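Containing TSV, C-alpha atoms: run-v3.tsv.
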chain	number	residue	atom	x	y	z
T	173	MET	CA	139.05	-89.18	77.64
T	174	ASP	CA	138.41	-90.30	74.08
T	175	GLY	CA	136.30	-93.36	74.85
T	176	TRP	CA	133.28	-91.73	73.21
T	177	LEU	CA	135.22	-91.75	69.92
T	178	ASP	CA	135.80	-95.49	70.31
T	179	ASP	CA	132.02	-95.96	70.61
T	180	ILE	CA	131.61	-94.91	66.98
T	181	LYS	CA	131.59	-97.53	64.26
T	182	TRP	CA	134.02	-95.96	61.80
T	183	ASP	CA	133.78	-97.20	58.21
T	184	PRO	CA	136.68	-99.08	56.53
T	185	ASP	CA	138.22	-95.71	55.58
T	186	GLY	CA	138.02	-94.51	59.19
T	187	LEU	CA	135.19	-92.11	58.39
T	188	VAL	CA	131.68	-91.49	59.67
T	189	PRO	CA	128.91	-89.68	57.73
T	190	VAL	CA	127.76	-86.43	59.31
T	191	ILE	CA	124.52	-84.47	58.89
T	192	ALA	CA	124.60	-80.78	59.84
T	193	GLN	CA	121.23	-79.41	60.99
T	194	GLU	CA	120.53	-75.77	61.80
T	195	VAL	CA	119.43	-74.98	65.35
T	196	GLY	CA	116.11	-73.14	65.37
T	197	SER	CA	114.88	-73.83	61.84
T	198	ASN	CA	115.94	-77.49	62.02
T	199	ASP	CA	116.87	-77.20	58.34
T	200	VAL	CA	119.28	-79.86	57.09
T	201	LEU	CA	122.18	-77.78	55.80
T	202	MET	CA	124.71	-80.28	54.48
T	203	PHE	CA	126.15	-83.76	54.58
T	204	ALA	CA	129.85	-84.60	54.84
T	205	PHE	CA	132.31	-86.96	56.51
T	206	MET	CA	134.57	-86.82	59.54
T	207	ASN	CA	137.50	-88.92	60.63
T	208	ARG	CA	138.44	-89.36	64.25
T	209	GLU	CA	140.65	-86.28	64.34
T	210	ALA	CA	137.98	-84.10	62.73
T	211	LEU	CA	135.32	-85.17	65.22
T	212	ALA	CA	137.69	-84.75	68.16
T	213	LYS	CA	138.52	-81.21	67.00
T	214	THR	CA	134.85	-80.44	66.41
T	215	ALA	CA	133.98	-81.47	69.96
T	216	LYS	CA	136.94	-79.64	71.48
T	217	THR	CA	136.60	-76.35	69.59
T	218	GLY	CA	132.83	-76.15	69.05
T	219	ARG	CA	133.48	-75.47	65.35
T	220	ALA	CA	132.71	-78.06	62.66
T	221	VAL	CA	135.78	-79.73	61.20
T	222	TYR	CA	135.16	-82.28	58.44
T	223	TRP	CA	137.35	-84.63	56.42
T	224	SER	CA	137.53	-83.70	52.75
T	225	ARG	CA	137.56	-86.93	50.76
T	226	SER	CA	138.43	-85.09	47.53
T	227	ARG	CA	141.37	-83.24	49.09
T	228	GLN	CA	142.25	-85.96	51.62
T	229	ARG	CA	142.77	-83.51	54.44
T	230	LEU	CA	140.97	-81.88	57.36
T	231	TRP	CA	138.50	-79.26	56.23
T	232	HIS	CA	137.76	-76.57	58.79
T	233	LYS	CA	134.30	-75.55	57.57
T	234	GLY	CA	134.49	-71.86	56.63
T	235	GLU	CA	138.27	-71.80	56.22
T	236	GLU	CA	137.87	-70.19	52.79
T	237	SER	CA	134.31	-68.90	52.82
T	238	GLY	CA	134.19	-67.61	56.38
T	239	HIS	CA	130.98	-69.62	56.75
T	240	VAL	CA	131.94	-71.30	60.00
T	241	GLN	CA	129.57	-73.65	61.84
T	242	GLN	CA	129.13	-73.23	65.59
T	243	VAL	CA	128.34	-76.64	67.04
T	244	HIS	CA	125.75	-76.86	69.83
T	245	GLU	CA	125.13	-80.58	69.98
T	246	ILE	CA	126.68	-83.77	68.72
T	247	ARG	CA	124.33	-86.74	68.28
T	248	LEU	CA	124.91	-90.37	67.33
T	249	ASP	CA	122.38	-92.74	65.81
T	250	CYS	CA	121.12	-96.13	66.99
T	251	ASP	CA	123.71	-98.06	64.95
T	252	LYS	CA	126.51	-95.73	66.10
T	253	ASP	CA	127.61	-95.12	62.54
T	254	VAL	CA	126.06	-91.73	61.68
T	255	VAL	CA	126.61	-88.38	63.43
T	256	LEU	CA	124.16	-85.47	63.56
T	257	LEU	CA	125.40	-81.97	64.43
T	258	LYS	CA	123.14	-79.17	65.62
T	259	VAL	CA	124.79	-75.99	64.38
T	260	THR	CA	124.49	-72.27	63.89
T	261	GLN	CA	125.71	-71.30	60.44
T	262	LEU	CA	127.86	-68.17	60.92
T	263	GLY	CA	129.38	-65.63	58.50
T	264	HIS	CA	126.25	-64.50	56.69
T	265	ASP	CA	122.64	-63.76	57.59
T	266	PRO	CA	120.75	-65.86	56.65
T	267	GLY	CA	123.32	-68.63	56.97
T	268	ILE	CA	125.04	-70.03	53.88
T	269	ALA	CA	126.16	-73.64	54.22
T	270	CYS	CA	126.46	-74.52	50.53
T	271	HIS	CA	129.40	-73.72	48.26
T	272	THR	CA	126.86	-72.58	45.66
T	273	GLY	CA	125.96	-69.67	47.96
T	274	ARG	CA	122.68	-71.18	49.09
T	275	HIS	CA	121.38	-71.70	52.62
T	276	SER	CA	121.28	-75.49	52.30
T	277	CYS	CA	122.96	-77.95	49.98
T	278	PHE	CA	119.60	-79.67	49.45
T	279	PHE	CA	118.21	-77.08	47.05
T	280	ARG	CA	117.14	-79.45	44.27
T	281	LYS	CA	113.56	-80.72	44.49
T	282	LEU	CA	112.09	-83.47	42.35
T	283	GLU	CA	109.04	-82.15	40.50
T	284	GLY	CA	107.51	-84.71	38.19
T	285	ASP	CA	110.58	-86.27	36.60
T	286	THR	CA	112.89	-83.26	36.81
T	287	TRP	CA	115.11	-81.73	39.50
T	288	HIS	CA	114.41	-78.04	40.09
T	289	SER	CA	116.51	-75.58	42.09
T	290	VAL	CA	114.06	-74.19	44.62
T	291	GLU	CA	116.33	-72.15	46.90
T	292	PRO	CA	117.86	-68.78	46.03
T	293	VAL	CA	121.57	-68.04	45.80
T	294	LEU	CA	122.14	-65.69	48.75
T	295	LYS	CA	125.65	-64.67	47.71
T	296	ASP	CA	127.60	-65.15	44.48
T	297	PRO	CA	130.19	-67.91	44.97
T	298	ASP	CA	132.71	-65.70	43.13
T	299	GLU	CA	132.29	-63.23	45.98
T	300	ILE	CA	132.54	-65.95	48.62
T	301	TYR	CA	135.69	-67.62	47.28
T	302	LYS	CA	137.66	-64.67	45.92
B	78	MET	CA	111.15	-91.01	32.14
B	79	ASP	CA	113.99	-91.99	34.44
B	80	GLY	CA	116.47	-89.30	33.46
B	81	TRP	CA	116.25	-87.82	36.97
B	82	LEU	CA	117.71	-91.08	38.28
B	83	ASP	CA	120.65	-90.73	35.89
B	84	ASP	CA	121.36	-87.28	37.36
B	85	ILE	CA	122.33	-88.89	40.67
B	86	LYS	CA	125.96	-89.76	41.32
B	87	TRP	CA	125.57	-93.31	42.60
B	88	ASP	CA	128.46	-94.64	44.67
B	89	PRO	CA	130.57	-97.62	43.47
B	90	ASP	CA	127.99	-99.98	45.03
B	91	GLY	CA	125.17	-98.27	43.15
B	92	LEU	CA	123.85	-96.63	46.33
B	93	VAL	CA	123.09	-93.12	47.51
B	94	PRO	CA	122.87	-92.01	51.16
B	95	VAL	CA	119.43	-90.81	52.21
B	96	ILE	CA	118.35	-88.59	55.11
B	97	ALA	CA	114.72	-88.80	56.21
B	98	GLN	CA	113.36	-85.62	57.77
B	99	GLU	CA	109.93	-85.22	59.33
B	100	VAL	CA	107.60	-82.69	57.75
B	101	GLY	CA	106.42	-80.15	60.32
B	102	SER	CA	108.93	-80.72	63.12
B	103	ASN	CA	111.83	-80.90	60.66
B	104	ASP	CA	113.34	-83.56	62.94
B	105	VAL	CA	115.95	-85.77	61.32
B	106	LEU	CA	114.48	-89.24	61.76
B	107	MET	CA	116.97	-91.63	60.20
B	108	PHE	CA	119.72	-92.22	57.69
B	109	ALA	CA	119.88	-95.10	55.22
B	110	PHE	CA	120.75	-95.99	51.64
B	111	MET	CA	118.82	-96.46	48.41
B	112	ASN	CA	119.72	-98.06	45.13
B	113	ARG	CA	118.14	-97.01	41.87
B	114	GLU	CA	115.21	-99.39	42.19
B	115	ALA	CA	114.48	-98.25	45.76
B	116	LEU	CA	114.46	-94.58	44.82
B	117	ALA	CA	112.33	-95.22	41.74
B	118	LYS	CA	109.79	-97.11	43.87
B	119	THR	CA	109.86	-94.39	46.52
B	120	ALA	CA	109.06	-91.74	43.94
B	121	LYS	CA	106.38	-93.82	42.27
B	122	THR	CA	104.56	-95.02	45.39
B	123	GLY	CA	105.10	-92.10	47.78
B	124	ARG	CA	106.32	-94.60	50.41
B	125	ALA	CA	109.99	-94.82	51.45
B	126	VAL	CA	111.79	-97.87	50.11
B	127	TYR	CA	115.43	-98.28	51.14
B	128	TRP	CA	118.22	-100.72	50.31
B	129	SER	CA	119.24	-102.82	53.27
B	130	ARG	CA	123.00	-103.29	53.09
B	131	SER	CA	122.95	-105.93	55.83
B	132	ARG	CA	120.23	-108.00	54.15
B	133	GLN	CA	121.17	-107.04	50.57
B	134	ARG	CA	117.59	-106.52	49.52
B	135	LEU	CA	114.92	-103.85	49.15
B	136	TRP	CA	113.55	-102.73	52.48
B	137	HIS	CA	110.05	-101.30	52.37
B	138	LYS	CA	110.21	-99.12	55.47
B	139	GLY	CA	107.54	-100.35	57.86
B	140	GLU	CA	107.22	-103.81	56.27
B	141	GLU	CA	107.64	-105.42	59.70
B	142	SER	CA	106.94	-102.57	62.11
B	143	GLY	CA	104.05	-100.95	60.26
B	144	HIS	CA	105.97	-97.68	60.64
B	145	VAL	CA	105.65	-96.62	57.02
B	146	GLN	CA	107.01	-93.31	55.77
B	147	GLN	CA	104.81	-91.17	53.53
B	148	VAL	CA	107.09	-89.18	51.24
B	149	HIS	CA	106.16	-85.57	50.47
B	150	GLU	CA	109.34	-84.33	48.86
B	151	ILE	CA	112.55	-85.73	47.39
B	152	ARG	CA	115.56	-83.43	47.43
B	153	LEU	CA	119.08	-83.77	46.03
B	154	ASP	CA	122.17	-81.94	47.22
B	155	CYS	CA	124.63	-79.72	45.36
B	156	ASP	CA	126.99	-82.59	44.54
B	157	LYS	CA	124.09	-84.83	43.46
B	158	ASP	CA	125.23	-87.63	45.74
B	159	VAL	CA	122.97	-87.29	48.80
B	160	VAL	CA	119.15	-87.47	48.92
B	161	LEU	CA	116.88	-85.82	51.50
B	162	LEU	CA	113.31	-87.04	51.98
B	163	LYS	CA	110.58	-84.99	53.63
B	164	VAL	CA	108.30	-87.56	55.24
B	165	THR	CA	105.41	-88.18	57.57
B	166	GLN	CA	106.17	-91.09	59.88
B	167	LEU	CA	103.01	-93.21	59.98
B	168	GLY	CA	101.86	-96.13	62.16
B	169	HIS	CA	102.21	-94.55	65.60
B	170	ASP	CA	101.54	-91.15	67.14
B	171	PRO	CA	104.04	-89.61	67.73
B	172	GLY	CA	105.95	-91.20	64.85
B	173	ILE	CA	108.49	-93.94	65.48
B	174	ALA	CA	111.27	-94.11	62.89
B	175	CYS	CA	113.86	-96.03	64.94
B	176	HIS	CA	113.97	-99.79	65.45
B	177	THR	CA	114.61	-99.09	69.15
B	178	GLY	CA	111.05	-97.70	69.40
B	179	ARG	CA	112.17	-94.08	69.51
B	180	HIS	CA	110.98	-91.15	67.41
B	181	SER	CA	114.40	-90.58	65.84
B	182	CYS	CA	117.48	-92.74	65.40
B	183	PHE	CA	119.61	-89.83	66.64
B	184	PHE	CA	118.80	-90.26	70.32
B	185	ARG	CA	122.35	-90.32	71.68
B	186	LYS	CA	123.74	-86.94	72.72
B	187	LEU	CA	127.35	-86.26	73.61
B	188	GLU	CA	127.51	-84.79	77.13
B	189	GLY	CA	131.05	-84.17	78.27
B	190	ASP	CA	132.82	-87.29	77.08
B	191	THR	CA	129.87	-89.69	77.25
B	192	TRP	CA	126.95	-90.54	74.98
B	193	HIS	CA	123.58	-90.28	76.73
B	194	SER	CA	120.21	-91.50	75.45
B	195	VAL	CA	118.04	-88.40	75.58
B	196	GLU	CA	114.87	-89.55	73.81
B	197	PRO	CA	112.25	-91.87	75.29
B	198	VAL	CA	111.29	-95.28	73.95
B	199	LEU	CA	107.72	-94.72	72.72
B	200	LYS	CA	106.94	-98.40	72.17
B	201	ASP	CA	108.74	-101.58	73.26
B	202	PRO	CA	110.55	-103.08	70.24
B	203	ASP	CA	109.29	-106.51	71.38
B	204	GLU	CA	105.80	-105.17	70.77
B	205	ILE	CA	106.75	-103.62	67.43
B	206	TYR	CA	108.48	-106.69	65.97
B	207	LYS	CA	106.40	-109.52	67.39
Conversion result in structure tokens:
Amino acid sequence: MDGWLDDIKWDPDGLVPVIAQEVGSNDVLMFAFMNREALAKTAKTGRAVYWSRSRQRLWHKGEESGHVQQVHEIRLDCDKDVVLLKVTQLGHDPGIACHTGRHSCFFRKLEGDTWHSVEPVLKDPDEIYK
Amino acid sequence: MDGWLDDIKWDPDGLVPVIAQEVGSNDVLMFAFMNREALAKTAKTGRAVYWSRSRQRLWHKGEESGHVQQVHEIRLDCDKDVVLLKVTQLGHDPGIACHTGRHSCFFRKLEGDTWHSVEPVLKDPDEIYK
């Protein structure tokens, strides 16, 4: 039954924003989008599948990097237009969610009037995407 | 100096998506949007100011509810198009970020093929917005 997918308020492009949060640490790892097919596959397989807006196709997280996300919970917000995933970031320890080789995509911190990178690169992207 | 605002990749409507995360618990509280003025005010005042797309005006979080967000950190993601705030949710203990009177907006959990509300209402919205 796909009624739960009908409950979501998809945007005009048929997408919903998705926040991926790490189980345990509760760190926010990344932000991306899903279409209906991506969310259905995510729920069915327990692996995060997003919609790549730049490539206009399904993006099985980890398909190139091996950094797959195991999905433990799928949450929906009050307005039914934002999804939150509780995930375990697989493929490296500690988990790497960002294409820059960092744990989280949110590695830039505003200090004064300048953004500073405050999280280490855990693995060289050239090694991840070779 | 506002150069840090120029570093952000604003969407065609001049907005950026924003995730608010609670300091300490690391709970994801809510998701909203900011325009340039909202983010500038947030950084300057240390209080979260969003852009209300429905009302098309600045929305000082807590202006009606009293549930103000104290901002400790402002983060930016790898693609420079998503902001993450680290906040303390003021005005009620425990903090109420959601207009439904719940701690977090992400209170619906997918169980089987149905969304279930899994977080309690901490305060009646009729009491919050009277």
Pairwise distance for CA of Asp253 (chain T) and CA of Gln193 (chain T), rounded to one decimal in Å
17.0 Å
Could you give me, as a Markdown table, a per-residue list for chain T showing, wherever an atom lies at most 6 Å from an atom of chain B, the closest pair of atoms and their distance in Å to one decimal, using all atoms listed in the file and sorting by chain then residue number from low to high?
| residue | atom | partner | partner_atom | distance |
| --- | --- | --- | --- | --- |
| T:Trp176 | CA | B:Thr191 | CA | 5.7 |
| T:Asn198 | CA | B:Asn103 | CA | 5.5 |
| T:Ile246 | CA | B:Leu187 | CA | 5.5 |
| T:Arg247 | CA | B:Lys186 | CA | 4.5 |
| T:Leu248 | CA | B:Arg185 | CA | 5.0 |
| T:Asp249 | CA | B:Phe183 | CA | 4.1 |
| T:Cys250 | CA | B:Cys182 | CA | 5.2 |
| T:Cys277 | CA | B:Asp154 | CA | 4.9 |
| T:Phe278 | CA | B:Asp154 | CA | 4.1 |
| T:Arg280 | CA | B:Leu153 | CA | 5.1 |
| T:Lys281 | CA | B:Arg152 | CA | 4.5 |
| T:Leu282 | CA | B:Ile151 | CA | 5.5 |
| T:Asp285 | CA | B:Trp81 | CA | 5.9 |
| T:Thr286 | CA | B:Trp81 | CA | 5.7 |
Edge lengths and centre in Å to one decimal, as lines of an AutoDock Vina configuration file, is what I'm after for the box along x, y and z that holds all listed atoms of region 157-170 of chain B once 4 Å is added on each side.
center_x = 113.4
center_y = -90.5
center_z = 55.3
size_x = 31.7
size_y = 19.3
size_z = 31.7
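Taking only C-alpha atoms into account, Ala192 (chain T) lies nearest to T:Arg219 out of the set T:Glu235, T:Gly273, T:Arg219, T:Arg229.
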Nearest-residue call for Ser131 (chain B), choices B:His149, B:Tyr206, B:Phe110, B:Gly168, using only C-alpha atoms:
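Nearest candidate to Ser131 (chain B) out of B:His149, B:Tyr206, B:Phe110, B:Gly168: B:Phe110.
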